[in-house]
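Notes follow the structure.
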Amino acid sequence: MDGKKVHLRQIRHHWEIYLFVLPTMIAIALFIYYPATSGIFHSFFRWNGADISEPVGFFNYKDLVLSSEFWRSFKNAFILGFWNVIKMLPPLFVAVAIHRCKSDRMQFFYRVLFVIPMVIPPLIVALIWRSFFFEATSGYLNKFIALLNLDGLLNWVAHIRIFGTSIVPWGEVFNEASQPAWLGDPRLIMTACIVWGFPWLSSLAVLTHLAKLQSIGKDIYEAADIDGVTWLSKFTKIELPLITGSIYIMLVFTIIGTIQDAGMILALAGMEGGPGGRVDVPALFMLRKAFVDQKMGYACAVGIILMLIVMSLQKFSALVNDWPTFTIEKRRTTRIRLFILAIVLSILAPAIQLWGSSDQSFLMVFSRPFVLLQTWFSVGLKFAYSIEFAKVINNVAWILAICAIPYPKLFERFERMYTDMRDARRRISVRSEDEISIGDQRVARVIAREDNAFYCAGRSVGSWALRMNKHLSIWFVLAFALLPLYLMVIVSFKTNTQFYEAPATITQPLHPENWKVAWEMITPTLANSVFLSVTSSLLMLFMALAGAYFFARLRMPGATFFWNAILVLMMLPMIANLVPLFRLLRDMNLLNTLSALILVSAAQGQIFAIFMLRNFISDIPQDLYEAAEIDGASHFRQMWLIVLPLSGPILGTVGVMHFMGVWNEFVMALIVMRDHARLPVMVQLIRMAGEYIKLWGPLMAGYAMASIPIIILFIFSMKLFIRGMTEGAVKG
């Protein structure tokens with residue numbers, strides 16, 4: 001429900017409501033818009049972030065678009081993004097299996113069990129995989145391959161080729177050594193970055209799907225059971241259509257997050273992106289150019305291109321999502337624009353190649369698209385260009401052309417099929433007497449079949465087997481999900497000698513003193529993380545709730561401009577502003593302070609929070625506000641007496657999500673913090689894991705201590721989280 005519109009002459013009666021949005025606009029202007037503007041400005045300079053600043057025009061962009069290293073990082077990001085999309089399936093199936101449990105107690109029991117491994121910080125899971133699974137001599141992956149004698153199968157897979165290209169990159173590595181180094185071999189590191197974290201359960205994904213599924217009424221399932229609907233039809237006809245929206249949103253977030261994320265690659269492969277840069281991604285490329293090579297201006301140009309690509313992907317995803325709501329005229333206009341864009345890009349690619357290749361004639365360069373077209377259809381996946389950016393541009397051009405030209409006919413065919421199906425359903429609803437008699441005969445046969453003892457016994461056995469298979473599947477996934485936690489706890493009571501002798505079993509004597517050693521090692525940083533996460537969450541909730549009230553309560557002059565300014569930030573990758581943001585914090589004397597992390601995380605986190613809270617506050621009945629205004633309540637009292645009490649569940653949901661995000665973040669802290677006494681716990685764990693000589697017991701105890709606060713928080717707030725997600729889904 002939209003708020004009441006306020007005209008200019010009425011501002012004096014509601015002027016104080018602008019104070020609600022003032023902290024939000026100051027925070028995003030200072031910590032988001034200013035760094036973005038500074039990044040655009042400095043991208044045209046040869047700048048080291050300090051004393052060297054020389055204008056170079058478009059040289060940084062020219063050097064960047066001709067850099068095969070940069071565009072290879074995008075190729076790696078899309079490969080990882082594709083597999084991250086595949087990883088979305090286990091959370092979906094787990095959520096459906098838990099939802100299918102008829103007992104409410106069993107559902108709650110499973111939710112508690114799955115919450116424990118899911119909310120372990122991803123960095124800790126990555127470090128555990130790096131320590132236990134990917135280690136060459138005693139790693140569990142190599143032991144698993146040797147135990148099942150999978151070398152021959154893996155070598156056979158390596159020889160499978162499509163269009164002359166192997167489907168896997170590891171080649172003959174399993175022939176050369178029985179114990180390959182997963183993170184040290186350039187042929188295996190991409191596979192390692194894909195498989196880590198199995199079974200890839202995401203707490204947000206599972207709980208979001210569960211929240212959506214819980215809104216399905218039991219009467220729908222009862223009606224489906226009466227009609228004899230199978231378990232697969234229940235999923236495809238009832239459950240999947242309901243959660244399609246959340247699946248689509250997470251799909252977009254997954255792909256875009258992979259492009260703009262550098263944390264897990266940094267933890268697994270280091271700043272160089274592994275041997276030979278085989279898993280280098282754009283965000284990591286930008287960080288390396290800025291803080292290793294001291295090319296701040298060049299890194300700003302990387303951030304700008306990264307921002308444009310991410311925003312284009314989000315715009316295209318929004319176009320796909322909104323396509324069914326478009327009119328025929330708007331669809332035709334959109335297809336024409338796509339086709340024109342394809343033509344422009346097909347001309348832009350050879351023009352860029354001409355820009356960087358002075359030894360080629362203009363005619364030779366512009367003949368390349370025709371060579372590309374011929375090569376594409378004759379070979380398949382091989383391209384004619386030698387410059388990576390030209391490859392990317394031409395790929396996008398041809399994809400857009402394909403979407404613009406043949407798609408209309410296919411779409412019209414699907415529309416006709418849908419119309420025919422709809423008309424058929426309407427005809428079925430108006431049945432003749434003969435059809436009714438046939439239906440009655442079918443009902444009679446169903447009743448007779450229900451009276452058959454053999455049929456009832458067979459159905460009972462089948463139902464029991466289905467339930468048993470469901471629970472076994474849940475426990476199978478749960479066992480793998482709990483494996484890192486089990487190893488972490490078991491090893492935390494071992495000495496190094498016991499660890500190397502039996503890393504996965506309990507050995508005597510136990511050594512609880514490891515926890516005391518770990519406590520002394522991480523206590524200051526653990527306290528820093530608690531203070532940082534709590535303070536940032538409270539500040540974010542204060543600004544987000546006030547800003548959401550401003551946008552939902554009334555339509556004030558200027559509100560549309562402010563709202564569009566926030567919507568733009570939802571498409572802006574924050575890591576693209578990291579270099580100028582570092583310079584801003586240095587100028588404000590905030591480097592090496594927890595205040596910098598608190599202010600930046602609160603400013604960035606409130607964008608998504610305002611979007612969620614606004615939808616919730618908009619659905620509060622206007623009668624409550626009107627009654628409060630009659631009693632003379634100001635906007636501050638309306639916020640305190642009406643909005644705040646009713647927004648408890650959604651505030652809890654947003655607060656828990658932000659707390660977990662701040663707790664798990666470590667890239668910003670790695671760049672901003674220098675004093676070891678002020679480091680968050682995640683940065684301290686990376687330092688401990690990177691030591692040459694490791695004390696495995698204290699190290700695993702430290703991992704466990706860093707996980708305990710977030711596990712406790714999520715267990716106690718799980719019901720609130722589910723309630724907030726459910727109400728947000730209904731209201732949104």
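Labels used: A, B, ... for chains in the order of the structure tokens, numbers from 1 for residues in each chain, and numbers from 1 for ligands as shown.
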
Exercise. Using only C-alpha atoms, which residues sit within 12 Å of Ser53 in chain A once same-chain residues fewer than 2 positions away are excluded, as a ChimeraX atom specification?
Worked result: /A:41-51,55-56,294-298

For this session: Skip range 280-293 of chain A itself and residues of its chain fewer than 5 positions away, then list as a PyMOL selection string all residues within 10 Å of it, counting only C-alpha atoms.
Result: chain A and resi 47-49+69-78+80+190+258-263+265-266+269-275+298-303+305-306+573+575-576+578-579+667+671

Write the residues you've just listed into a file as a compact mmCIF listing (two decimals), in the first residue's frame, and include C-alpha atoms for each of them.
# COMPACT_ATOMS: atom_id res chain seq x y z
CA TRP A 47 47.88 6.91 -9.69
CA ASN A 48 49.54 4.98 -6.91
CA GLY A 49 47.18 6.23 -4.21
CA GLU A 69 44.66 -11.81 -17.97
CA PHE A 70 41.65 -9.67 -17.01
CA TRP A 71 39.20 -11.32 -19.39
CA ARG A 72 40.52 -14.74 -18.43
CA SER A 73 39.51 -13.86 -14.86
CA PHE A 74 35.96 -13.29 -16.12
CA LYS A 75 36.04 -16.66 -17.84
CA ASN A 76 37.04 -18.24 -14.52
CA ALA A 77 34.27 -16.35 -12.72
CA PHE A 78 31.61 -17.61 -15.14
CA LEU A 80 32.63 -20.94 -11.05
CA MET A 190 39.72 -25.13 -10.57
CA THR A 258 30.63 -15.06 -8.00
CA ILE A 259 31.84 -12.29 -10.30
CA GLN A 260 32.32 -9.72 -7.56
CA ASP A 261 33.53 -12.03 -4.76
CA ALA A 262 37.18 -12.64 -4.00
CA GLY A 263 37.12 -13.95 -0.43
CA ILE A 265 39.40 -17.73 -3.81
CA LEU A 266 41.75 -15.66 -1.67
CA ALA A 269 44.35 -20.06 -3.69
CA GLY A 270 46.00 -16.90 -2.38
CA MET A 271 46.33 -13.41 -3.84
CA GLU A 272 47.73 -14.70 -7.16
CA GLY A 273 44.65 -16.82 -7.88
CA GLY A 274 46.47 -20.13 -7.61
CA PRO A 275 49.34 -21.45 -9.75
CA TYR A 298 44.34 0.95 -13.11
CA ALA A 299 42.42 -0.80 -10.32
CA CYS A 300 39.79 1.95 -10.42
CA ALA A 301 39.32 1.26 -14.14
CA VAL A 302 38.89 -2.44 -13.29
CA GLY A 303 36.25 -1.48 -10.74
CA ILE A 305 34.26 -2.10 -15.87
CA LEU A 306 33.28 -4.61 -13.20
CA PRO A 573 29.04 -4.09 -6.67
CA ILE A 575 33.90 -4.24 -4.03
CA ALA A 576 34.29 -2.06 -7.15
CA LEU A 578 37.14 -0.66 -2.52
CA VAL A 579 40.17 1.24 -3.81
CA VAL A 667 38.47 -8.91 2.77
CA ILE A 671 42.90 -4.11 3.68

Exercise. Which polymer residues have any atom within 10 Å of an atom of Met521 in chain A, counting only C-alpha atoms, with same-chain residues fewer than 2 positions away left out, as a list in words?
Worked result: Trp515, Lys516, Val517, Ala518, Trp519, Thr523, Pro524, Thr525, Leu526, Val681, Gln684, Leu685, Met688, Pro698, Leu699 and Gly702 of chain A

With N, CA and C atoms retained, write the just-selected residues as a tab-separated table (two decimals), in the first residue's frame.
chain	number	residue	atom	x	y	z
A	515	TRP	N	42.02	-25.97	23.86
A	515	TRP	CA	41.02	-24.91	23.86
A	515	TRP	C	41.52	-23.70	24.66
A	516	LYS	N	42.26	-23.95	25.73
A	516	LYS	CA	42.81	-22.84	26.50
A	516	LYS	C	43.83	-22.07	25.67
A	517	VAL	N	44.68	-22.81	24.95
A	517	VAL	CA	45.67	-22.16	24.09
A	517	VAL	C	44.97	-21.35	22.99
A	518	ALA	N	43.94	-21.95	22.38
A	518	ALA	CA	43.21	-21.24	21.32
A	518	ALA	C	42.51	-20.01	21.87
A	519	TRP	N	41.97	-20.13	23.08
A	519	TRP	CA	41.29	-18.98	23.69
A	519	TRP	C	42.25	-17.81	23.87
A	523	THR	N	41.19	-14.60	21.71
A	523	THR	CA	40.28	-13.84	22.57
A	523	THR	C	40.15	-12.37	22.16
A	524	PRO	N	41.27	-11.64	21.94
A	524	PRO	CA	41.07	-10.23	21.55
A	524	PRO	C	40.32	-10.08	20.24
A	525	THR	N	40.65	-10.91	19.26
A	525	THR	CA	40.00	-10.79	17.96
A	525	THR	C	38.55	-11.25	18.02
A	526	LEU	N	38.25	-12.25	18.86
A	526	LEU	CA	36.86	-12.68	19.02
A	526	LEU	C	36.02	-11.57	19.63
A	681	VAL	N	38.10	-11.76	14.10
A	681	VAL	CA	38.53	-13.14	14.32
A	681	VAL	C	38.80	-13.87	13.01
A	684	GLN	N	42.28	-13.21	11.90
A	684	GLN	CA	43.20	-13.94	12.77
A	684	GLN	C	43.27	-15.42	12.40
A	685	LEU	N	42.14	-16.01	12.03
A	685	LEU	CA	42.14	-17.42	11.63
A	685	LEU	C	42.93	-17.63	10.34
A	688	MET	N	46.52	-17.65	11.37
A	688	MET	CA	46.88	-18.91	12.02
A	688	MET	C	47.00	-20.05	11.02
A	698	PRO	N	45.07	-26.60	18.73
A	698	PRO	CA	44.64	-25.21	18.98
A	698	PRO	C	44.01	-24.54	17.76
A	699	LEU	N	44.51	-24.88	16.55
A	699	LEU	CA	43.95	-24.29	15.34
A	699	LEU	C	42.48	-24.68	15.17
A	702	GLY	N	40.34	-23.05	17.76
A	702	GLY	CA	40.05	-21.67	17.38
A	702	GLY	C	38.95	-21.57	16.34

Exercise. Which residues, written as number ranges by chain, have at least one atom at most 6 Å from range 20-37 of chain A, with only C-alpha atoms counted and residues fewer than 4 positions away on the same chain left out?
Worked result: A: 543, 546-547, 577, 580-581, 603

For this session: For Asn514 in chain A, list every protein, DNA or RNA residue within 9 Å, evaluated using only C-alpha atoms, and leave out those in the same chain fewer than 6 positions away; present the list as a VMD selection string.
Result: chain A and resid 492 to 495 697 to 702

For this session: Write down as a VMD selection string the residues belonging to range 519-577 of chain A that are assigned alpha helix (DSSP H) by DSSP computed on the backbone.
Result: chain A and resid 519 to 553 559 to 570

Export of the given selection (C-alpha atoms) as a CSV table (one decimal), in the first residue's frame:
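Output (out-v3.csv):
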chain,number,residue,atom,x,y,z
A,519,TRP,CA,41.3,-19.0,23.7
A,520,GLU,CA,44.5,-17.0,24.5
A,521,MET,CA,45.2,-16.8,20.7
A,522,ILE,CA,41.9,-15.5,19.5
A,523,THR,CA,40.3,-13.8,22.6
A,524,PRO,CA,41.1,-10.2,21.5
A,525,THR,CA,40.0,-10.8,18.0
A,526,LEU,CA,36.9,-12.7,19.0
A,527,ALA,CA,35.8,-9.7,21.2
A,528,ASN,CA,36.5,-7.4,18.3
A,529,SER,CA,34.2,-9.4,16.0
A,530,VAL,CA,31.4,-9.5,18.6
A,531,PHE,CA,31.7,-5.7,19.1
A,532,LEU,CA,32.0,-5.1,15.4
A,533,SER,CA,29.0,-7.3,14.4
A,534,VAL,CA,26.7,-6.1,17.2
A,535,THR,CA,27.4,-2.4,16.8
A,536,SER,CA,27.2,-2.5,13.0
A,537,SER,CA,23.9,-4.4,13.1
A,538,LEU,CA,22.3,-2.0,15.6
A,539,LEU,CA,23.4,1.0,13.6
A,540,MET,CA,22.2,-0.5,10.3
A,541,LEU,CA,18.8,-1.4,11.8
A,542,PHE,CA,18.4,2.1,13.1
A,543,MET,CA,19.1,3.8,9.8
A,544,ALA,CA,17.3,1.2,7.7
A,545,LEU,CA,14.1,1.3,9.8
A,546,ALA,CA,14.0,5.1,9.8
A,547,GLY,CA,14.7,5.2,6.0
A,548,ALA,CA,12.1,2.5,5.3
A,549,TYR,CA,9.5,4.5,7.4
A,550,PHE,CA,10.2,7.6,5.3
A,551,PHE,CA,9.6,5.8,2.0
A,552,ALA,CA,6.6,3.7,3.1
A,553,ARG,CA,4.7,6.2,5.3
A,559,ALA,CA,11.2,10.8,-2.1
A,560,THR,CA,11.2,9.3,-5.6
A,561,PHE,CA,14.7,10.7,-6.3
A,562,PHE,CA,16.0,9.3,-3.0
A,563,TRP,CA,14.4,5.9,-3.7
A,564,ASN,CA,15.9,5.7,-7.1
A,565,ALA,CA,19.3,6.6,-5.7
A,566,ILE,CA,19.0,3.6,-3.3
A,567,LEU,CA,17.7,1.3,-6.0
A,568,VAL,CA,20.8,2.1,-8.2
A,569,LEU,CA,23.0,1.0,-5.3
A,570,MET,CA,21.4,-2.5,-5.3

How close does range 117-208 of chain A get to range 707-716 of chain A? List, as JSON lines, each residue of range 117-208 of chain A within 8 Å, its nearest atom pair and the distance in Å to one decimal, counting only C-alpha atoms.
{"residue": "A:Val119", "atom": "CA", "partner": "A:Ile711", "partner_atom": "CA", "distance": 6.0}
{"residue": "A:Ile120", "atom": "CA", "partner": "A:Ser707", "partner_atom": "CA", "distance": 5.4}
{"residue": "A:Pro121", "atom": "CA", "partner": "A:Ser707", "partner_atom": "CA", "distance": 6.5}

Problem set entry | Picked from range 154-325 of chain A by DSSP as strand (DSSP E or B), as a ChimeraX atom specification | /A:161-162,165-166

Since we have the selection now, will you write its residues out, keeping N, CA and C atoms, as a PDB file, in the first residue's frame?
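The file below, out.pdb, is the result:
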ATOM      1  N   ARG A 161      36.209 -35.695 -24.994  1.00  0.00           N
ATOM      2  CA  ARG A 161      36.361 -34.402 -25.651  1.00  0.00           C
ATOM      3  C   ARG A 161      35.084 -34.022 -26.379  1.00  0.00           C
ATOM      4  N   ILE A 162      34.775 -32.740 -26.343  1.00  0.00           N
ATOM      5  CA  ILE A 162      33.641 -32.168 -27.063  1.00  0.00           C
ATOM      6  C   ILE A 162      34.179 -31.044 -27.935  1.00  0.00           C
ATOM      7  N   THR A 165      37.795 -30.336 -27.419  1.00  0.00           N
ATOM      8  CA  THR A 165      38.224 -29.786 -26.127  1.00  0.00           C
ATOM      9  C   THR A 165      37.828 -30.742 -25.016  1.00  0.00           C
ATOM     10  N   SER A 166      38.748 -30.997 -24.102  1.00  0.00           N
ATOM     11  CA  SER A 166      38.467 -31.884 -22.979  1.00  0.00           C
ATOM     12  C   SER A 166      37.446 -31.239 -22.052  1.00  0.00           C
TER      13      SER A 166
END

For this session: To one decimal in Å, tell me the separation between CA of Ile249 in chain A and CA of Asn321 in chain A.
Result: 9.5 Å
